[in-house]
$ cat final-v8.txt   # compact mmCIF, N, CA and C atoms
# COMPACT_ATOMS: atom_id res chain seq x y z
N MET A 260 -43.47 63.07 130.42
CA MET A 260 -44.80 63.46 130.88
C MET A 260 -45.39 64.51 129.95
N SER A 261 -45.72 64.13 128.75
CA SER A 261 -46.23 65.08 127.78
C SER A 261 -47.59 65.64 128.19
N ASP A 262 -48.35 64.92 129.02
CA ASP A 262 -49.67 65.41 129.43
C ASP A 262 -49.57 66.55 130.44
N GLN A 263 -48.37 66.89 130.88
CA GLN A 263 -48.20 67.98 131.84
C GLN A 263 -47.81 69.29 131.16
N LYS A 264 -47.84 69.32 129.84
CA LYS A 264 -47.52 70.54 129.10
C LYS A 264 -48.58 71.61 129.36
N LYS A 265 -48.14 72.83 129.49
CA LYS A 265 -49.05 73.96 129.73
C LYS A 265 -49.54 74.49 128.38
N THR A 266 -50.89 74.54 128.20
CA THR A 266 -51.46 75.08 126.97
C THR A 266 -52.53 76.10 127.30
N ALA A 267 -52.59 77.13 126.48
CA ALA A 267 -53.59 78.18 126.67
C ALA A 267 -54.92 77.75 126.06
N VAL A 268 -56.00 78.18 126.70
CA VAL A 268 -57.35 77.97 126.19
C VAL A 268 -57.95 79.35 125.97
N SER A 269 -58.52 79.56 124.78
CA SER A 269 -59.07 80.87 124.45
C SER A 269 -60.29 80.70 123.55
N THR A 270 -61.28 81.55 123.75
CA THR A 270 -62.48 81.55 122.92
C THR A 270 -62.98 82.98 122.73
N LYS A 271 -63.57 83.24 121.58
CA LYS A 271 -64.18 84.54 121.31
C LYS A 271 -65.55 84.64 121.98
N GLU A 272 -66.05 83.52 122.54
CA GLU A 272 -67.34 83.50 123.22
C GLU A 272 -67.25 84.07 124.64
N ALA A 273 -66.04 84.42 125.07
CA ALA A 273 -65.81 85.07 126.36
C ALA A 273 -64.94 86.29 126.07
N PRO A 274 -64.96 87.27 126.98
CA PRO A 274 -64.17 88.48 126.74
C PRO A 274 -62.69 88.16 126.57
N ALA A 275 -62.05 88.87 125.65
CA ALA A 275 -60.61 88.72 125.46
C ALA A 275 -59.89 89.18 126.72
N ALA A 276 -58.74 88.59 126.96
CA ALA A 276 -57.91 89.00 128.09
C ALA A 276 -57.56 90.48 127.94
N ILE A 277 -57.64 91.22 129.04
CA ILE A 277 -57.33 92.65 128.98
C ILE A 277 -55.95 92.93 129.59
N GLY A 278 -55.08 91.94 129.52
CA GLY A 278 -53.72 92.06 130.04
C GLY A 278 -52.91 90.88 129.58
N PRO A 279 -51.71 90.75 130.11
CA PRO A 279 -50.83 89.65 129.70
C PRO A 279 -51.15 88.35 130.43
N TYR A 280 -52.29 87.76 130.11
CA TYR A 280 -52.69 86.49 130.71
C TYR A 280 -53.59 85.74 129.74
N SER A 281 -53.81 84.47 130.01
CA SER A 281 -54.68 83.62 129.20
C SER A 281 -56.06 83.54 129.84
N GLN A 282 -57.09 83.31 129.03
CA GLN A 282 -58.42 83.09 129.60
C GLN A 282 -58.40 81.88 130.52
N ALA A 283 -57.63 80.85 130.12
CA ALA A 283 -57.44 79.67 130.95
C ALA A 283 -56.17 78.97 130.50
N VAL A 284 -55.63 78.16 131.40
CA VAL A 284 -54.45 77.36 131.08
C VAL A 284 -54.75 75.92 131.51
N ARG A 285 -54.45 75.00 130.61
CA ARG A 285 -54.64 73.57 130.90
C ARG A 285 -53.29 72.93 131.14
N VAL A 286 -53.21 72.15 132.22
CA VAL A 286 -52.05 71.32 132.51
C VAL A 286 -52.60 69.93 132.79
N GLY A 287 -52.32 68.98 131.90
CA GLY A 287 -52.89 67.65 132.05
C GLY A 287 -54.40 67.72 131.99
N ASP A 288 -55.07 67.16 132.99
CA ASP A 288 -56.53 67.18 133.00
C ASP A 288 -57.10 68.28 133.89
N THR A 289 -56.26 69.25 134.25
CA THR A 289 -56.70 70.36 135.11
C THR A 289 -56.70 71.66 134.32
N LEU A 290 -57.78 72.41 134.46
CA LEU A 290 -57.91 73.70 133.80
C LEU A 290 -57.97 74.78 134.87
N PHE A 291 -57.11 75.77 134.74
CA PHE A 291 -57.06 76.91 135.65
C PHE A 291 -57.62 78.12 134.90
N GLY A 292 -58.82 78.56 135.29
CA GLY A 292 -59.46 79.67 134.61
C GLY A 292 -59.12 81.00 135.26
N SER A 293 -58.78 81.98 134.42
CA SER A 293 -58.58 83.33 134.93
C SER A 293 -59.91 83.87 135.41
N GLY A 294 -59.86 84.84 136.28
CA GLY A 294 -61.09 85.46 136.76
C GLY A 294 -61.86 86.09 135.62
N GLN A 295 -63.16 85.91 135.66
CA GLN A 295 -64.06 86.53 134.68
C GLN A 295 -64.92 87.57 135.39
N VAL A 296 -65.09 88.71 134.74
CA VAL A 296 -66.03 89.72 135.22
C VAL A 296 -67.18 89.77 134.23
N GLY A 297 -68.18 90.59 134.51
CA GLY A 297 -69.39 90.63 133.71
C GLY A 297 -69.28 91.40 132.41
N LEU A 298 -68.21 91.17 131.67
CA LEU A 298 -68.06 91.83 130.38
C LEU A 298 -68.80 91.06 129.30
N ASP A 299 -69.51 91.78 128.46
CA ASP A 299 -70.15 91.20 127.29
C ASP A 299 -69.05 90.94 126.27
N PRO A 300 -68.87 89.70 125.82
CA PRO A 300 -67.78 89.42 124.88
C PRO A 300 -67.91 90.16 123.56
N ALA A 301 -69.13 90.52 123.17
CA ALA A 301 -69.35 91.22 121.90
C ALA A 301 -68.94 92.68 121.96
N THR A 302 -69.12 93.30 123.13
CA THR A 302 -68.86 94.75 123.23
C THR A 302 -67.64 95.09 124.08
N GLY A 303 -67.25 94.17 124.95
CA GLY A 303 -66.15 94.46 125.86
C GLY A 303 -66.56 95.37 127.01
N GLN A 304 -67.85 95.61 127.16
CA GLN A 304 -68.37 96.48 128.21
C GLN A 304 -69.09 95.65 129.27
N LEU A 305 -69.12 96.18 130.51
CA LEU A 305 -69.90 95.53 131.56
C LEU A 305 -71.36 95.49 131.17
N VAL A 306 -72.03 94.39 131.47
CA VAL A 306 -73.46 94.30 131.18
C VAL A 306 -74.22 95.29 132.06
N ALA A 307 -75.34 95.74 131.56
CA ALA A 307 -76.18 96.67 132.32
C ALA A 307 -76.83 95.92 133.48
N GLY A 308 -77.13 96.65 134.53
CA GLY A 308 -77.79 96.06 135.69
C GLY A 308 -76.86 96.00 136.87
N GLY A 309 -77.21 95.15 137.82
CA GLY A 309 -76.45 95.05 139.05
C GLY A 309 -75.78 93.72 139.23
N ILE A 310 -75.68 93.28 140.47
CA ILE A 310 -74.94 92.07 140.80
C ILE A 310 -75.55 90.82 140.15
N THR A 311 -76.86 90.73 140.07
CA THR A 311 -77.49 89.56 139.45
C THR A 311 -77.10 89.45 137.98
N GLU A 312 -77.23 90.52 137.24
CA GLU A 312 -76.92 90.50 135.81
C GLU A 312 -75.43 90.25 135.58
N GLN A 313 -74.58 90.86 136.42
CA GLN A 313 -73.14 90.65 136.25
C GLN A 313 -72.75 89.22 136.59
N THR A 314 -73.36 88.63 137.61
CA THR A 314 -73.03 87.25 137.98
C THR A 314 -73.45 86.29 136.87
N VAL A 315 -74.61 86.51 136.29
CA VAL A 315 -75.05 85.68 135.16
C VAL A 315 -74.02 85.78 134.03
N ARG A 316 -73.61 86.99 133.68
CA ARG A 316 -72.66 87.16 132.58
C ARG A 316 -71.31 86.52 132.91
N VAL A 317 -70.85 86.68 134.15
CA VAL A 317 -69.60 86.06 134.58
C VAL A 317 -69.67 84.55 134.35
N LEU A 318 -70.74 83.93 134.80
CA LEU A 318 -70.85 82.47 134.71
C LEU A 318 -71.07 82.01 133.27
N GLU A 319 -71.70 82.81 132.45
CA GLU A 319 -71.80 82.48 131.02
C GLU A 319 -70.42 82.57 130.38
N ASN A 320 -69.61 83.53 130.78
CA ASN A 320 -68.24 83.64 130.28
C ASN A 320 -67.41 82.43 130.72
N VAL A 321 -67.57 82.03 131.98
CA VAL A 321 -66.87 80.85 132.49
C VAL A 321 -67.29 79.62 131.68
N LYS A 322 -68.59 79.47 131.44
CA LYS A 322 -69.10 78.33 130.66
C LYS A 322 -68.46 78.30 129.27
N ALA A 323 -68.31 79.45 128.64
CA ALA A 323 -67.73 79.52 127.30
C ALA A 323 -66.28 79.06 127.30
N VAL A 324 -65.52 79.48 128.28
CA VAL A 324 -64.11 79.07 128.37
C VAL A 324 -64.03 77.57 128.63
N LEU A 325 -64.85 77.09 129.55
CA LEU A 325 -64.87 75.65 129.83
C LEU A 325 -65.23 74.86 128.58
N ALA A 326 -66.24 75.32 127.84
CA ALA A 326 -66.67 74.62 126.63
C ALA A 326 -65.54 74.54 125.61
N GLN A 327 -64.78 75.60 125.50
CA GLN A 327 -63.65 75.61 124.56
C GLN A 327 -62.64 74.51 124.93
N ALA A 328 -62.57 74.19 126.21
CA ALA A 328 -61.66 73.15 126.69
C ALA A 328 -62.33 71.77 126.73
N GLY A 329 -63.58 71.69 126.25
CA GLY A 329 -64.29 70.41 126.26
C GLY A 329 -64.86 70.05 127.62
N LEU A 330 -65.08 71.05 128.45
CA LEU A 330 -65.59 70.84 129.81
C LEU A 330 -66.89 71.61 130.00
N ASP A 331 -67.55 71.38 131.15
CA ASP A 331 -68.71 72.17 131.52
C ASP A 331 -68.65 72.47 133.01
N LEU A 332 -69.66 73.14 133.51
CA LEU A 332 -69.64 73.57 134.91
C LEU A 332 -69.57 72.42 135.90
N SER A 333 -70.01 71.23 135.50
CA SER A 333 -69.95 70.08 136.40
C SER A 333 -68.51 69.64 136.67
N HIS A 334 -67.57 70.09 135.85
CA HIS A 334 -66.15 69.75 136.02
C HIS A 334 -65.44 70.69 136.99
N VAL A 335 -66.10 71.76 137.41
CA VAL A 335 -65.47 72.75 138.29
C VAL A 335 -65.34 72.17 139.69
N VAL A 336 -64.11 72.19 140.22
CA VAL A 336 -63.85 71.65 141.55
C VAL A 336 -63.56 72.74 142.59
N LYS A 337 -63.20 73.95 142.15
CA LYS A 337 -62.87 75.03 143.08
C LYS A 337 -63.15 76.36 142.42
N THR A 338 -63.76 77.25 143.16
CA THR A 338 -63.97 78.61 142.68
C THR A 338 -63.46 79.60 143.72
N THR A 339 -63.11 80.76 143.23
CA THR A 339 -62.84 81.89 144.11
C THR A 339 -63.71 83.03 143.60
N VAL A 340 -64.51 83.58 144.49
CA VAL A 340 -65.41 84.67 144.15
C VAL A 340 -64.90 85.94 144.83
N PHE A 341 -64.75 86.99 144.04
CA PHE A 341 -64.33 88.29 144.54
C PHE A 341 -65.52 89.23 144.40
N LEU A 342 -65.94 89.84 145.49
CA LEU A 342 -67.06 90.77 145.50
C LEU A 342 -66.59 92.17 145.87
N LYS A 343 -67.15 93.16 145.19
CA LYS A 343 -66.85 94.54 145.54
C LYS A 343 -67.40 94.86 146.92
N THR A 344 -68.53 94.24 147.26
CA THR A 344 -69.12 94.42 148.59
C THR A 344 -69.81 93.13 149.02
N MET A 345 -69.63 92.75 150.27
CA MET A 345 -70.28 91.55 150.79
C MET A 345 -71.79 91.72 150.87
N GLY A 346 -72.27 92.94 150.75
CA GLY A 346 -73.70 93.18 150.70
C GLY A 346 -74.36 92.52 149.49
N ASP A 347 -73.55 92.18 148.48
CA ASP A 347 -74.06 91.52 147.27
C ASP A 347 -73.99 90.00 147.36
N PHE A 348 -73.53 89.47 148.51
CA PHE A 348 -73.31 88.03 148.63
C PHE A 348 -74.57 87.22 148.34
N ALA A 349 -75.69 87.54 148.95
CA ALA A 349 -76.91 86.73 148.80
C ALA A 349 -77.37 86.69 147.34
N ALA A 350 -77.37 87.84 146.66
CA ALA A 350 -77.83 87.89 145.27
C ALA A 350 -76.86 87.12 144.36
N MET A 351 -75.56 87.27 144.59
CA MET A 351 -74.58 86.52 143.81
C MET A 351 -74.77 85.03 144.05
N ASN A 352 -74.94 84.66 145.33
CA ASN A 352 -75.05 83.26 145.71
C ASN A 352 -76.26 82.58 145.08
N GLU A 353 -77.35 83.31 144.93
CA GLU A 353 -78.55 82.76 144.31
C GLU A 353 -78.28 82.36 142.85
N VAL A 354 -77.61 83.23 142.11
CA VAL A 354 -77.28 82.92 140.72
C VAL A 354 -76.23 81.81 140.67
N TYR A 355 -75.21 81.92 141.50
CA TYR A 355 -74.13 80.93 141.56
C TYR A 355 -74.69 79.53 141.77
N ALA A 356 -75.64 79.40 142.70
CA ALA A 356 -76.21 78.09 143.01
C ALA A 356 -76.89 77.47 141.79
N LYS A 357 -77.57 78.27 141.00
CA LYS A 357 -78.26 77.75 139.81
C LYS A 357 -77.26 77.19 138.80
N TYR A 358 -76.11 77.82 138.68
CA TYR A 358 -75.10 77.40 137.71
C TYR A 358 -74.20 76.28 138.23
N LEU A 359 -73.76 76.40 139.48
CA LEU A 359 -72.71 75.51 139.97
C LEU A 359 -73.16 74.50 141.03
N ALA A 360 -74.38 74.63 141.52
CA ALA A 360 -74.84 73.68 142.54
C ALA A 360 -76.31 73.31 142.35
N PRO A 361 -76.69 72.97 141.10
CA PRO A 361 -78.08 72.54 140.92
C PRO A 361 -78.32 71.20 141.62
N GLU A 362 -79.56 70.86 141.79
CA GLU A 362 -79.94 69.61 142.44
C GLU A 362 -79.16 68.43 141.85
N GLY A 363 -78.57 67.63 142.73
CA GLY A 363 -77.86 66.43 142.31
C GLY A 363 -76.42 66.62 141.89
N VAL A 364 -75.92 67.85 141.92
CA VAL A 364 -74.54 68.13 141.53
C VAL A 364 -73.73 68.47 142.77
N VAL A 365 -72.54 67.89 142.87
CA VAL A 365 -71.64 68.23 143.98
C VAL A 365 -71.11 69.64 143.72
N ALA A 366 -71.39 70.55 144.64
CA ALA A 366 -70.93 71.93 144.49
C ALA A 366 -69.41 71.98 144.64
N PRO A 367 -68.76 72.86 143.89
CA PRO A 367 -67.31 72.98 144.05
C PRO A 367 -66.95 73.60 145.40
N ALA A 368 -65.72 73.38 145.82
CA ALA A 368 -65.19 74.12 146.97
C ALA A 368 -65.14 75.60 146.56
N ARG A 369 -65.26 76.50 147.54
CA ARG A 369 -65.33 77.92 147.19
C ARG A 369 -64.74 78.77 148.29
N SER A 370 -64.11 79.84 147.87
CA SER A 370 -63.72 80.93 148.76
C SER A 370 -64.40 82.19 148.22
N THR A 371 -64.87 83.04 149.11
CA THR A 371 -65.48 84.31 148.71
C THR A 371 -64.86 85.41 149.55
N VAL A 372 -64.38 86.44 148.88
CA VAL A 372 -63.75 87.55 149.59
C VAL A 372 -64.25 88.88 149.04
N ALA A 373 -64.28 89.88 149.90
CA ALA A 373 -64.57 91.24 149.46
C ALA A 373 -63.24 91.92 149.13
N VAL A 374 -63.25 92.69 148.05
CA VAL A 374 -62.03 93.35 147.60
C VAL A 374 -62.28 94.85 147.42
N ALA A 375 -61.22 95.61 147.41
CA ALA A 375 -61.34 97.06 147.28
C ALA A 375 -61.79 97.49 145.89
N GLY A 376 -61.46 96.71 144.88
CA GLY A 376 -61.85 97.06 143.52
C GLY A 376 -61.59 95.91 142.57
N LEU A 377 -62.28 95.93 141.44
CA LEU A 377 -62.16 94.90 140.41
C LEU A 377 -61.97 95.58 139.05
N PRO A 378 -61.43 94.85 138.06
CA PRO A 378 -61.27 95.44 136.73
C PRO A 378 -62.58 96.01 136.19
N LYS A 379 -62.48 97.13 135.52
CA LYS A 379 -63.64 97.80 134.90
C LYS A 379 -64.69 98.20 135.94
N ASP A 380 -64.31 98.25 137.20
CA ASP A 380 -65.21 98.58 138.31
C ASP A 380 -66.36 97.58 138.43
N ALA A 381 -66.08 96.32 138.08
CA ALA A 381 -67.08 95.25 138.16
C ALA A 381 -67.49 95.02 139.61
N LEU A 382 -68.65 94.40 139.80
CA LEU A 382 -69.17 94.08 141.12
C LEU A 382 -68.73 92.70 141.59
N VAL A 383 -68.40 91.80 140.62
CA VAL A 383 -68.05 90.42 140.95
C VAL A 383 -67.05 89.89 139.92
N GLU A 384 -66.15 89.05 140.40
CA GLU A 384 -65.23 88.32 139.54
C GLU A 384 -65.15 86.90 140.09
N ILE A 385 -65.15 85.92 139.19
CA ILE A 385 -65.09 84.52 139.60
C ILE A 385 -64.01 83.82 138.79
N GLU A 386 -63.14 83.10 139.51
CA GLU A 386 -62.15 82.25 138.84
C GLU A 386 -62.45 80.81 139.19
N VAL A 387 -62.07 79.89 138.30
CA VAL A 387 -62.38 78.48 138.52
C VAL A 387 -61.17 77.59 138.26
N ILE A 388 -61.21 76.44 138.90
CA ILE A 388 -60.31 75.32 138.59
C ILE A 388 -61.24 74.15 138.27
N ALA A 389 -60.98 73.51 137.13
CA ALA A 389 -61.82 72.40 136.69
C ALA A 389 -60.95 71.21 136.34
N ARG A 390 -61.53 70.02 136.50
CA ARG A 390 -60.83 68.77 136.16
C ARG A 390 -61.66 68.00 135.15
N GLY A 391 -61.00 67.45 134.18
CA GLY A 391 -61.68 66.65 133.17
C GLY A 391 -60.68 66.01 132.25
N ALA A 392 -61.16 65.31 131.25
CA ALA A 392 -60.28 64.63 130.31
C ALA A 392 -59.40 65.62 129.56
N ALA A 393 -58.14 65.28 129.42
CA ALA A 393 -57.19 66.16 128.72
C ALA A 393 -57.32 66.02 127.22

$ encode --input "final-v8.txt" --output "structure tokens"
Amino acid sequence: MSDQKKTAVSTKEAPAAIGPYSQAVRVGDTLFGSGQVGLDPATGQLVAGGITEQTVRVLENVKAVLAQAGLDLSHVVKTTVFLKTMGDFAAMNEVYAKYLAPEGVVAPARSTVAVAGLPKDALVEIEVIARGAA
């Protein structure tokens, strides 16, 4: 079963991993993306602004990792969203819908949880699982 080999996916178009993990790992036709926060890949710093700006940057980072694997947002089947506060849910959800649930696209399954803290004191982190051609 050579298609079940675990391979790392990495791109400079998304922030470098800030610990001992891969931006994403592919096993067969499934891609497991590490959580992305709103870091600008060029500077390594959180983008200026609030939850809307950070969510846009998070999803652009996710898109970059997916693209490196030959996938796009339509291949995402499951997401987990981590919020610093549930008070940001509506604003995050508005941006999320534009990226992951536009008209005519089946939205991925999703879990959303509030957490005590996120890396770099980010407001949102999103991880994805995507399926596509290996």

$ residues_around --input "final-v8.txt" --residues "Arg390 of chain A" --least-positions-apart "3" --cutoff "8 Å" --atoms "only C-alpha atoms" --output "MDAnalysis selection string"
chainID A and resid 288:290 334:336

$ select_by_dssp --input "final-v8.txt" --residues "segment 261-387 of chain A" --states "strand (DSSP E or B)" --output "ChimeraX atom specification"
/A:265-268,283-286,289-292,295,298,305,335-342,368-373,383-387

$ write_last_selection --input "final-v8.txt" --atoms "N, CA and C atoms" --output "compact mmCIF listing (two decimals), keeping the file's coordinate frame"
# COMPACT_ATOMS: atom_id res chain seq x y z
N LYS A 265 -48.14 72.83 129.49
CA LYS A 265 -49.05 73.96 129.73
C LYS A 265 -49.54 74.49 128.38
N THR A 266 -50.89 74.54 128.20
CA THR A 266 -51.46 75.08 126.97
C THR A 266 -52.53 76.10 127.30
N ALA A 267 -52.59 77.13 126.48
CA ALA A 267 -53.59 78.18 126.67
C ALA A 267 -54.92 77.75 126.06
N VAL A 268 -56.00 78.18 126.70
CA VAL A 268 -57.35 77.97 126.19
C VAL A 268 -57.95 79.35 125.97
N ALA A 283 -57.63 80.85 130.12
CA ALA A 283 -57.44 79.67 130.95
C ALA A 283 -56.17 78.97 130.50
N VAL A 284 -55.63 78.16 131.40
CA VAL A 284 -54.45 77.36 131.08
C VAL A 284 -54.75 75.92 131.51
N ARG A 285 -54.45 75.00 130.61
CA ARG A 285 -54.64 73.57 130.90
C ARG A 285 -53.29 72.93 131.14
N VAL A 286 -53.21 72.15 132.22
CA VAL A 286 -52.05 71.32 132.51
C VAL A 286 -52.60 69.93 132.79
N THR A 289 -56.26 69.25 134.25
CA THR A 289 -56.70 70.36 135.11
C THR A 289 -56.70 71.66 134.32
N LEU A 290 -57.78 72.41 134.46
CA LEU A 290 -57.91 73.70 133.80
C LEU A 290 -57.97 74.78 134.87
N PHE A 291 -57.11 75.77 134.74
CA PHE A 291 -57.06 76.91 135.65
C PHE A 291 -57.62 78.12 134.90
N GLY A 292 -58.82 78.56 135.29
CA GLY A 292 -59.46 79.67 134.61
C GLY A 292 -59.12 81.00 135.26
N GLN A 295 -63.16 85.91 135.66
CA GLN A 295 -64.06 86.53 134.68
C GLN A 295 -64.92 87.57 135.39
N LEU A 298 -68.21 91.17 131.67
CA LEU A 298 -68.06 91.83 130.38
C LEU A 298 -68.80 91.06 129.30
N LEU A 305 -69.12 96.18 130.51
CA LEU A 305 -69.90 95.53 131.56
C LEU A 305 -71.36 95.49 131.17
N VAL A 335 -66.10 71.76 137.41
CA VAL A 335 -65.47 72.75 138.29
C VAL A 335 -65.34 72.17 139.69
N VAL A 336 -64.11 72.19 140.22
CA VAL A 336 -63.85 71.65 141.55
C VAL A 336 -63.56 72.74 142.59
N LYS A 337 -63.20 73.95 142.15
CA LYS A 337 -62.87 75.03 143.08
C LYS A 337 -63.15 76.36 142.42
N THR A 338 -63.76 77.25 143.16
CA THR A 338 -63.97 78.61 142.68
C THR A 338 -63.46 79.60 143.72
N THR A 339 -63.11 80.76 143.23
CA THR A 339 -62.84 81.89 144.11
C THR A 339 -63.71 83.03 143.60
N VAL A 340 -64.51 83.58 144.49
CA VAL A 340 -65.41 84.67 144.15
C VAL A 340 -64.90 85.94 144.83
N PHE A 341 -64.75 86.99 144.04
CA PHE A 341 -64.33 88.29 144.54
C PHE A 341 -65.52 89.23 144.40
N LEU A 342 -65.94 89.84 145.49
CA LEU A 342 -67.06 90.77 145.50
C LEU A 342 -66.59 92.17 145.87
N ALA A 368 -65.72 73.38 145.82
CA ALA A 368 -65.19 74.12 146.97
C ALA A 368 -65.14 75.60 146.56
N ARG A 369 -65.26 76.50 147.54
CA ARG A 369 -65.33 77.92 147.19
C ARG A 369 -64.74 78.77 148.29
N SER A 370 -64.11 79.84 147.87
CA SER A 370 -63.72 80.93 148.76
C SER A 370 -64.40 82.19 148.22
N THR A 371 -64.87 83.04 149.11
CA THR A 371 -65.48 84.31 148.71
C THR A 371 -64.86 85.41 149.55
N VAL A 372 -64.38 86.44 148.88
CA VAL A 372 -63.75 87.55 149.59
C VAL A 372 -64.25 88.88 149.04
N ALA A 373 -64.28 89.88 149.90
CA ALA A 373 -64.57 91.24 149.46
C ALA A 373 -63.24 91.92 149.13
N VAL A 383 -68.40 91.80 140.62
CA VAL A 383 -68.05 90.42 140.95
C VAL A 383 -67.05 89.89 139.92
N GLU A 384 -66.15 89.05 140.40
CA GLU A 384 -65.23 88.32 139.54
C GLU A 384 -65.15 86.90 140.09
N ILE A 385 -65.15 85.92 139.19
CA ILE A 385 -65.09 84.52 139.60
C ILE A 385 -64.01 83.82 138.79
N GLU A 386 -63.14 83.10 139.51
CA GLU A 386 -62.15 82.25 138.84
C GLU A 386 -62.45 80.81 139.19
N VAL A 387 -62.07 79.89 138.30
CA VAL A 387 -62.38 78.48 138.52
C VAL A 387 -61.17 77.59 138.26

$ residues_around --input "final-v8.txt" --residues "Gln295 of chain A" --least-positions-apart "3" --cutoff "6 Å" --atoms "only C-alpha atoms" --output "list in words"
Val317, Glu384 and Ile385 of chain A

$ atom_distance --input "final-v8.txt" --atom1 "atom N of Tyr358 of chain A" --atom2 "atom CA of Leu318 of chain A"
8.1 Å

$ closest_residue --input "final-v8.txt" --among "A:Ala349, A:Val354, A:Lys343, A:Lys264" --to "Asp380 of chain A" --atoms "all atoms listed in the file"
A:Lys343

$ residues_around --input "final-v8.txt" --residues "Gln282 of chain A" --least-positions-apart "4" --cutoff "12 Å" --atoms "only C-alpha atoms" --output "number ranges by chain"
A: 266-278, 290-296, 320-325, 327-328, 386-387

$ atom_distance --input "final-v8.txt" --atom1 "atom C of Gly297 of chain A" --atom2 "atom CA of Leu377 of chain A"
11.3 Å

$ closest_residue --input "final-v8.txt" --among "A:Ala350, A:Gly287, A:Leu359, A:Met345" --to "Leu332 of chain A" --atoms "only N, CA and C atoms"
A:Leu359

$ residues_near_point --input "final-v8.txt" --point "(-73.2, 94.3, 140.3)" --cutoff "8 Å" --atoms "only N, CA and C atoms" --output "list in words"
Ala307, Gly308, Gly309, Ile310, Thr311, Glu312, Gln313, Thr314, Lys343, Asp347, Asp380, Ala381, Leu382 and Val383 of chain A

$ closest_residue --input "final-v8.txt" --among "A:Glu353, A:Thr371, A:Glu319, A:Arg285" --to "Val306 of chain A" --atoms "only C-alpha atoms"
A:Glu319

$ atom_distance --input "final-v8.txt" --atom1 "atom CA of Arg369 of chain A" --atom2 "atom N of Thr339 of chain A"
5.4 Å

$ axis_aligned_box --input "final-v8.txt" --around "segment 278-289 of chain A" --padding-each-side "8 Å" --output "AutoDock Vina command-line options"
--center_x -54.6 --center_y 79.6 --center_z 132.1 --size_x 23.6 --size_y 40.9 --size_z 22.1

$ closest_residue --input "final-v8.txt" --among "A:Leu298, A:Ala373, A:Ala368, A:Ala389" --to "Leu330 of chain A" --atoms "only C-alpha atoms"
A:Ala389
